[in-house]
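Enquirer: Have a look at the structure that comes next, please.
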Amino acid sequence: MSDAIGAARWAAISSGMSLGVMAMDFCLLLGDEFRLIWPNVRCFNKYALVYVVTRYAGLAAQIFNIFFCLRMASGVVTSPSHCRMWYRYQAISIQLLLAVVQVLLMLRVYALFLRNSAILCLLILLWIGQSLSMFVSAWLVVPRVAHTDTCYVVKATPAGLYFGVTTMAMNFIVLFMISWRYLNLPLRWIRSGLGYVVLRDSTLSLLTILAWSLLLILCVTGVIETSMNGNVIYYWLFSAMWISLGRLIINQSKVAQVEGDEELTTVHMGSLGTWDSDTHAVDPTGAPAQMIITAA
């Protein structure tokens with residue numbers, strides 16, 4: 001019991017650090033938030049609303065996570081039913097954040113492929129499969145989690161492999177699609193500020209999710225012998241996705257300010273042979289994902 005409490009204290013320190021990183025990112029983006037997000041909230045812009053809800057609800061949720069982690073570190077006994085509720089809450093909160101991040105990235109892919117319906121169907125199927133894998137993993141993992149009477153996870157459950165593998169596979173496919181399409185766009189667009197923002201934000205978000213998914217897989221398969229899968233990874237994965245989501249929307253809003261600049265928003269696609277017209281204005285941020293087709 002004393003060993004578990006000591007380990008829980010280290011987990012509490014790590015989770016507190018993740019909250020500190022979130023607080024720092026919150027402060028860094030606060031100026032952009034007041035300038036770009038709040039004016040659009042009054043207009044019921046869906047991206048601004050998503051930002052506000054996930055930003056503040058996510059921060060409050062992480063504060064609650066730290067509170068519960070401190071309870072474990074203090075040795076407060078919790079009933080098995082409440083521990084199972086805690087694990088379900090972790091699964092739901094992670095999946096909600098991950099789902100929103102993936103939808104934003106899917107919209108970017110959809111826009112980059114000029115609203116190709118086949119691409120959209122593929123992305124939706126991948127998204128549904130990944131979401132179902134979380135529910136399957138949670139259904140299998142929660143009743144089988146080995147934990148102390150403070151809810152500290154003693155050993156990772158292999159059933160979590162379903163979520164890790166499907167999440168890693170989907171995000172790898174999305175990363176490949178964005179990279180491939182980016183490299184096949186005109187050089188003028190690639191070198192523009194818009195092209196750089198799309199590639200940077202998308203790549204960093206996807207690589208972050210891929211890295212944590214790989215770590216999760218290594219933990220549940222026993223390659224890495226540690227109990228941090230159920231005690232530390234959750235807090236940092238939550239923090240990473242919360243930060244990625246905020247940056248995706250903020251930078252997308254910055255790009256929207258220069259949408260009137262044809263040098264940034266008009267992509268000449270005639271050489272790609274996708275459409276019969278010479279020019280397509282596409283918003284690769286995925287915001288409204290609208291195209292303006294001009295006659296040849």
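Note on naming: chains are A, B, ... as they come in the structure tokens, residues start from 1 per chain, ligands start from 1 in the order shown.
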Skipping near chain neighbours, those fewer than 4 positions away, what residues fall within 8 Å of stretch 67-72 of chain A using only C-alpha atoms, listed as a list in words?
Expert: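 Selected residues are Ile5, Ala8, Arg9, Ala11, Ala12, Ser15, Ile63, Val76, Val77, Thr150, Cys151 and Tyr152 of chain A.
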Enquirer: What are the DSSP strand (DSSP E) residues of stretch 98-222 of chain A, as a PyMOL selection string?
Expert: chain A and resi 146-147+153-155
Enquirer: Can you pull out every residue within 9 Å of A:Ala91, counting only C-alpha atoms, but drop anything in the same chain fewer than 3 positions away, and send it as a list in words?
Expert: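 Contacts, in chain order: Trp86, Tyr87, Arg88, Ile94, Gln95, Leu96, Met134, Phe135, Ser137, Ala138 and Tyr234 of chain A.
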Enquirer: Find the residues around A:Ile233 up to 10 Å (only C-alpha atoms counted), leave out those fewer than 6 positions away in its own chain, and share them as a list in words.
Expert: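 Selected residues are Ala11, Ser14, Ser15, Trp212, Ser213, Leu215, Leu216, Cys219, Ser227 and Ser239 of chain A.
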Enquirer: If we count only C-alpha atoms and set the cut-off at 10 Å, which residues sit around A:Tyr47, ignoring sequence neighbours fewer than 4 positions away in its own chain? Please answer as a list in words.
Expert: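 Final neighbour list, sorted by chain and number: Ile37, Asn40, Val41, Tyr51, Val52, Val53, Leu104, Ile249, Ile250, Gln252, Ser253, Ala287 and Pro288 of chain A.
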Enquirer: Take the residues just selected and output them with N, CA and C atoms as a PDB file, in the first residue's frame.
Expert:
```pdb
ATOM      1  N   ILE A  37     -11.389  34.774 -31.471  1.00  0.00           N
ATOM      2  CA  ILE A  37     -12.440  33.812 -31.136  1.00  0.00           C
ATOM      3  C   ILE A  37     -13.702  34.476 -30.612  1.00  0.00           C
ATOM      4  N   ASN A  40     -16.278  36.097 -32.843  1.00  0.00           N
ATOM      5  CA  ASN A  40     -17.019  35.127 -33.646  1.00  0.00           C
ATOM      6  C   ASN A  40     -18.001  34.309 -32.820  1.00  0.00           C
ATOM      7  N   VAL A  41     -17.783  34.253 -31.501  1.00  0.00           N
ATOM      8  CA  VAL A  41     -18.736  33.548 -30.642  1.00  0.00           C
ATOM      9  C   VAL A  41     -20.094  34.228 -30.703  1.00  0.00           C
ATOM     10  N   TYR A  51     -14.103  25.943 -29.905  1.00  0.00           N
ATOM     11  CA  TYR A  51     -12.901  26.371 -29.184  1.00  0.00           C
ATOM     12  C   TYR A  51     -13.227  26.722 -27.740  1.00  0.00           C
ATOM     13  N   VAL A  52     -14.244  27.557 -27.544  1.00  0.00           N
ATOM     14  CA  VAL A  52     -14.580  28.016 -26.192  1.00  0.00           C
ATOM     15  C   VAL A  52     -15.006  26.846 -25.309  1.00  0.00           C
ATOM     16  N   VAL A  53     -15.860  25.980 -25.835  1.00  0.00           N
ATOM     17  CA  VAL A  53     -16.354  24.850 -25.038  1.00  0.00           C
ATOM     18  C   VAL A  53     -15.217  23.910 -24.661  1.00  0.00           C
ATOM     19  N   LEU A 104     -11.354  18.007 -37.209  1.00  0.00           N
ATOM     20  CA  LEU A 104     -10.691  19.187 -37.776  1.00  0.00           C
ATOM     21  C   LEU A 104      -9.643  18.788 -38.816  1.00  0.00           C
ATOM     22  N   ILE A 249      -7.453  25.511 -34.094  1.00  0.00           N
ATOM     23  CA  ILE A 249      -8.532  26.476 -34.320  1.00  0.00           C
ATOM     24  C   ILE A 249      -7.996  27.908 -34.352  1.00  0.00           C
ATOM     25  N   ILE A 250      -7.074  28.237 -33.451  1.00  0.00           N
ATOM     26  CA  ILE A 250      -6.514  29.595 -33.429  1.00  0.00           C
ATOM     27  C   ILE A 250      -5.787  29.903 -34.732  1.00  0.00           C
ATOM     28  N   GLN A 252      -6.147  28.431 -37.569  1.00  0.00           N
ATOM     29  CA  GLN A 252      -7.140  28.444 -38.642  1.00  0.00           C
ATOM     30  C   GLN A 252      -7.821  29.803 -38.709  1.00  0.00           C
ATOM     31  N   SER A 253      -8.092  30.386 -37.546  1.00  0.00           N
ATOM     32  CA  SER A 253      -8.717  31.713 -37.498  1.00  0.00           C
ATOM     33  C   SER A 253      -7.769  32.784 -38.031  1.00  0.00           C
ATOM     34  N   ALA A 287     -12.104  25.101 -42.826  1.00  0.00           N
ATOM     35  CA  ALA A 287     -13.113  25.855 -42.092  1.00  0.00           C
ATOM     36  C   ALA A 287     -14.477  25.727 -42.735  1.00  0.00           C
ATOM     37  N   PRO A 288     -14.805  26.470 -43.813  1.00  0.00           N
ATOM     38  CA  PRO A 288     -16.040  26.162 -44.481  1.00  0.00           C
ATOM     39  C   PRO A 288     -15.836  25.155 -45.591  1.00  0.00           C
TER      40      PRO A 288
END
```
Enquirer: Tell me which of A:Thr166, A:Ser202, A:Asn116, A:Thr221 sits closest to A:Tyr182, counting only C-alpha atoms.
Expert: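 Between A:Thr166, A:Ser202, A:Asn116, A:Thr221, the residue approaching A:Tyr182 most closely is A:Ser202.
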Enquirer: Pick out the closest residue to A:Ser81 from this set: A:Ala60, A:Leu214, A:Val142, A:Cys27. Count only C-alpha atoms.
Expert: A:Val142
Enquirer: Between atom CA of A:Val136 and atom CA of A:Leu97, measure the distance and give it in Å to one decimal.
Expert: 17.5 Å
Enquirer: Would you pick out the contacts of A:Asp25 at 12 Å or less, using only C-alpha atoms, so that residues sharing its chain but fewer than 3 positions from it are not included, and give the list as a list in words?
Expert: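 My list of contacting residues is Ser18, Leu19, Gly20, Val21, Met22, Leu28, Leu29, Leu30, Gly31, Asp32, Glu33, Arg55, Leu59, Ser239, Ala240, Trp242, Ile243, Ser244, Leu245, Gly246, Arg247 and Ile250 of chain A.
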Enquirer: Between A:Tyr56, A:Phe113, A:Trp10, A:Trp38, which one has atoms that come closest to A:Ala23, using only C-alpha atoms?
Expert: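 Looking at the shortest contact to A:Ala23, the residue is A:Tyr56.
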Enquirer: Please report the interatomic distance between atom CA of A:Phe172 and atom CA of A:Asn231 in Å with one decimal.
Expert: 25.7 Å
Enquirer: Rank A:Val103, A:Ala111, A:Ile92, A:Ile124 by their smallest atom-to-atom distance to A:Trp139, using only C-alpha atoms, and report the top residue only.
Expert: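 Comparing A:Val103, A:Ala111, A:Ile92, A:Ile124 against A:Trp139, the winner is A:Ile92.
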Enquirer: Could you work out how far atom CA of A:Arg42 lies from atom CA of A:Lys254, giving the answer in Å with one decimal?
Expert: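 Atom-to-atom, atom CA of A:Lys254 and atom CA of A:Arg42 are spaced 17.7 Å apart.
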Enquirer: I need the residues of stretch 121-260 of chain A that end up classed as helix (DSSP H, G or I) by DSSP on the backbone, written out as a count of residues only.
Expert: 110
